[in-house]
Every structure is written in C-alpha cells, then in structure tokens.
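Contents: one structure, followed by commentary.
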Amino acid sequence: MVAPTRARRPGAPLPGAVGERDDPAGCPFCEGRESSTPPETFALGPPGRPPDTPGWRVRVVPNKFPAFGPWPRDGDRPESLFAHRAAVGRQEVVVHSPRHLRTIADLGSRELELVAEVWQARAAAAREAGFPYVHALVNEGAGAGASLAHSHSQLVWLEEEPPFVAQEREAQGAAGGCLLCRVLAEEREQRIRVVEERDGMLLLCPFAGRQPYELLAAPLDCEADPFTSTRLGEALLLAADGVRRLRIAEGPVPLNLWLHAGGHWHLEVLPRLGILAGIELGAGYFINTMAPESAAGVLRES
Ligand SMILES: [Zn+2]
Ligand SMILES: [Zn+2]
Ligand SMILES: [Zn+2]
C-alpha cells in the first residue's frame, strides 16, 4: 500500500534498536586488531601471509554470537523448538576491507569484486561441508541490526533454502516460466522504476516495494546460482551504487541487503526509513510512504 501522506522519517534512528558501536580506535575488524576476533577461516591476501596478521584485503571469521548452531553439546539442542531444520548451520562474518569504512557505498569497485569472490569461495566450502544454501546479507546501521560499524557481511550456512526463498521460487515457477525474467523485461521497457542498467544487470525500485527506496539488483539473463556466476561482483557494485545514491538523497540510512539464490538470483536492499508495525508484521500489508516510481526518480537524479 502506498501512502505518501504518512510522515516519512528520513534517516531517523529507530527507537529501541541495538546500539551500534562505532569506535575506530577499538574496532576489532580494522587491520592490526586480528587478535580481537576468533581465528580467521579464510582471507584474501599476499601469498605466505600467516593467518590473523595484517596484510589481508578481505577477511572471514566465525560470528562470535551466532544465531544458528552448532550447539555446544548435542543435548543442548532443543529439537522440538525448531520448526525448520535448516536452523542448524554456521555463521561467518566477512570483513570487507582493512580500512574502517562504514558502508558498502564507500567500498571501491575492486574491493566489492573481492567481496563477491570471497562469498563464492565460502559458499563452495559450505557446500563441501554439507550446507547447500548460503544466506548472504549485509546489515548497515544500528537501526538495521548492525552491532559494529565497520563494513561487513554475514554468511549463514544452511542445510536447506530458507522459507522466503522457497516461497519466491514457487511463486516464480507458478507464473509459468520465470516471473522475474518477465518483470525485468517489462521494467526495462517502461523505464519508470529503473534506476540504472549496466552490463546486462538492472537496478530498480520494485513495483511492490515494502519501504521507501527498496531496491532490487538482478541479471537480465535467468541465472540460478550466484555463487558460480561471473556477475555477482557486478550485482554488488550496482547495489552499492544504489546505496550511494540513497545517501546523496537522504543521508546515511540504516539498511539490510541480502542475496536470494532460489530461482532467478538477485540482491534486495531494504532501507529502514519506516517502522514495521502491527499492520506489516501481523497482517503482511506493507505501508510504503513513497511510491517506487518516485523513489526511482529521486535515485536516478542523485
Ligand atoms: Zn574498523
Ligand atoms: Zn528468470
Ligand atoms: Zn527475493
């Protein structure tokens, strides 16, 4: 539901959100503080660099506070509480840069390409370890759940695709042929909600956007697996471009970004300019205070 008359709260911090720490002097993700994190599981850096020492470009460490298992002891796992058995996996943190940058919008294109490379390398490791689905996500800002400001992403290793991805894949298939392919072709022709097109990729404000400036980045070609695609880096670049435009238009905005790998893969960016309340969470109706057409217009100009 588009309700532009409702007050929008650009950049307003959400009340009650977990406080984000932004203390560059004590940041555990900055180069030189490798001992403040659990031992790294992977890193891109010069050959021969010893683990957990400076010199890396992108660094992967286990999440210190994982929401997903493994549980410390077998007996600790309350089976009956899990409606979804995929809730057992691993959670890794990908530190995007040795520099203390606060948003993917500040990463250079080479840095974003390296992040994509690391997502792919870790997804391959996850598959080898028996976790076929990897949920990749970025939280930016305390209002979007980030507890550290230094730009990073998370990789959640899962035994099966999560419920939203399964729903999307089924909906795409039910339309007879790929629904996203059709949507992208129409959007590309109409050019109302498109923000940018580059190298066979589209960045747009989707028709049924839930929040102001919601973004979707996808390859025009129907590709199923982002982790073997040569275009994942390009998609991240495009999404980062969208975030950069958003910052120009509205200032720093808390946001969530995630990758959906079921069916036609894509990135979704959900800026958190509104509060999800009883209508959104209870009924599943999203009240968007800004029409996607207007949002795309603002972002194109930014
Ligand atoms: Zn830092
Ligand atoms: Zn498709
Ligand atoms: Zn999706």
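Each chain in the structure tokens gets a letter, A, B, ..., in the order shown, and its residues are numbered from 1; ligands are numbered from 1 in order too.
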Hey, which bits of chain A sit within 9 Å of ligand 3, and for each residue what's the closest pair of atoms and how far apart in Å (one decimal), counting only C-alpha atoms and all ligand atoms, rows by chain and increasing number, as JSON lines?
{"residue": "A:Phe164", "atom": "CA", "partner": "ligand 3", "partner_atom_place_in_ligand_line": "1 (Zn)", "distance": 7.7}
{"residue": "A:Val165", "atom": "CA", "partner": "ligand 3", "partner_atom_place_in_ligand_line": "1 (Zn)", "distance": 6.7}
{"residue": "A:Glu168", "atom": "CA", "partner": "ligand 3", "partner_atom_place_in_ligand_line": "1 (Zn)", "distance": 6.5}
{"residue": "A:Arg169", "atom": "CA", "partner": "ligand 3", "partner_atom_place_in_ligand_line": "1 (Zn)", "distance": 8.8}
{"residue": "A:Leu216", "atom": "CA", "partner": "ligand 3", "partner_atom_place_in_ligand_line": "1 (Zn)", "distance": 8.2}
{"residue": "A:Trp258", "atom": "CA", "partner": "ligand 3", "partner_atom_place_in_ligand_line": "1 (Zn)", "distance": 8.2}
{"residue": "A:Leu259", "atom": "CA", "partner": "ligand 3", "partner_atom_place_in_ligand_line": "1 (Zn)", "distance": 7.3}
{"residue": "A:His260", "atom": "CA", "partner": "ligand 3", "partner_atom_place_in_ligand_line": "1 (Zn)", "distance": 5.0}
{"residue": "A:Ala261", "atom": "CA", "partner": "ligand 3", "partner_atom_place_in_ligand_line": "1 (Zn)", "distance": 8.0}
{"residue": "A:Gly262", "atom": "CA", "partner": "ligand 3", "partner_atom_place_in_ligand_line": "1 (Zn)", "distance": 8.1}
{"residue": "A:His264", "atom": "CA", "partner": "ligand 3", "partner_atom_place_in_ligand_line": "1 (Zn)", "distance": 8.8}
{"residue": "A:Trp265", "atom": "CA", "partner": "ligand 3", "partner_atom_place_in_ligand_line": "1 (Zn)", "distance": 7.6}
{"residue": "A:His266", "atom": "CA", "partner": "ligand 3", "partner_atom_place_in_ligand_line": "1 (Zn)", "distance": 6.3}
{"residue": "A:Leu267", "atom": "CA", "partner": "ligand 3", "partner_atom_place_in_ligand_line": "1 (Zn)", "distance": 7.0}
{"residue": "A:Glu268", "atom": "CA", "partner": "ligand 3", "partner_atom_place_in_ligand_line": "1 (Zn)", "distance": 6.2}
- Contacts of range 202-204 of chain A within 12 Å, only C-alpha atoms, excl. fewer than 2 positions in-chain, as JSON, numbers by chain: {"A": [180, 181, 183, 184, 185, 186, 187, 188, 189, 190, 191, 192, 193, 194, 195, 196, 197, 198, 199, 200, 206, 207, 208, 209, 213, 214, 215, 216, 217, 218, 219, 220, 221, 231, 234, 235, 236, 237, 238, 239, 240, 241, 242, 243, 245, 266, 267, 268, 269, 292, 293, 294, 295, 296, 297, 298, 299, 300]}
- Task: Using only C-alpha atoms and all ligand atoms, find each residue with an atom at most 10 Å away from ligand 1 and format the answer as number ranges by chain.
- Result: A: 22-33, 95-102, 148-152
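CA of Ala224 in chain A is found 13.4 Å from CA of Pro132 in chain A.
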- Message: So the first atom is CA of Leu255 in chain A and the second is CA of Met290 in chain A; what is the distance between them in Å, to one decimal place?
- Response: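 Separation between CA of Leu255 in chain A and CA of Met290 in chain A: 16.2 Å.
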- Query: Within 10 Å of Gly130 in chain A, counting only C-alpha atoms, which residues qualify if same-chain residues fewer than 2 places away don't, as a list in words?
  - Reply: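 My reading of the contact set: Gly89, Ala125, Ala126, Arg127, Glu128, Pro132, Tyr133, Trp157, Leu158, Glu159 and Glu160 of chain A.
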Could you turn the residues from that selection into a file that holds C-alpha atoms, as a tab-separated table (two decimals), in the first residue's frame?
chain	number	residue	atom	x	y	z
A	89	GLY	CA	24.45	-24.30	10.27
A	125	ALA	CA	33.32	-24.50	1.29
A	126	ALA	CA	29.81	-24.59	2.78
A	127	ARG	CA	28.58	-26.91	0.04
A	128	GLU	CA	31.53	-29.19	0.58
A	132	PRO	CA	23.94	-26.38	0.14
A	133	TYR	CA	22.31	-23.00	0.84
A	157	TRP	CA	25.33	-21.79	6.09
A	158	LEU	CA	22.05	-23.70	5.85
A	159	GLU	CA	21.03	-27.29	5.19
A	160	GLU	CA	18.15	-26.12	3.02
- Item | Nearest to ligand 2 by atom-to-atom distance, counting only C-alpha atoms and all ligand atoms, from A:Asp225, A:Glu34, A:Glu111, A:Glu161 | A:Asp225
- Message: I'd like the contact shell of Val2 in chain A - 7 Å cut-off, only C-alpha atoms, skipping same-chain residues fewer than 5 positions apart - returned as a VMD selection string.
- Response: chain A and resid 287 to 291
- Which distance in Å separates CA of Trp119 in chain A and CA of Glu223 in chain A, to one decimal?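 The value is 16.8 Å.
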- Kindly indicate which residue among A:Ile279, A:Ile248, A:Cys178, A:Val156 lies nearest to ligand 2, using only C-alpha atoms and all ligand atoms for the distances.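 Of A:Ile279, A:Ile248, A:Cys178, A:Val156, the one nearest ligand 2, counting only C-alpha atoms and all ligand atoms, is A:Cys178.
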- For Asn63 in chain A, which residue among A:Ala136, A:Ala166, A:Ala43, A:Val94 is the nearest when counting only C-alpha atoms?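 When distances to Asn63 in chain A are compared using only C-alpha atoms, the smallest one comes from A:Val94.
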- Query: Looking at A:Cys222, A:Val93, A:Met201, A:Val253, which one is nearest to Glu140 in chain A, with distances taken over only C-alpha atoms?
  - Reply: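 The answer is A:Val253, which sits nearest to Glu140 in chain A.
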- Item | 7 Å contact set for range 35-40 of chain A, only C-alpha atoms, chain neighbours under 4 positions out, as a PyMOL selection string | chain A and resi 28+51-52+59-62
Selection to disk with C-alpha atoms, as a tab-separated table (two decimals), in the first residue's frame:
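Heads up, here's the output in part_30.tsv:
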chain	number	residue	atom	x	y	z
A	28	PRO	CA	38.01	-5.45	16.06
A	51	PRO	CA	46.75	-16.24	9.41
A	52	ASP	CA	45.45	-13.50	11.73
A	59	ARG	CA	38.96	-11.49	5.94
A	60	VAL	CA	36.47	-14.12	7.15
A	61	VAL	CA	35.97	-15.01	10.81
A	62	PRO	CA	33.31	-17.05	12.64
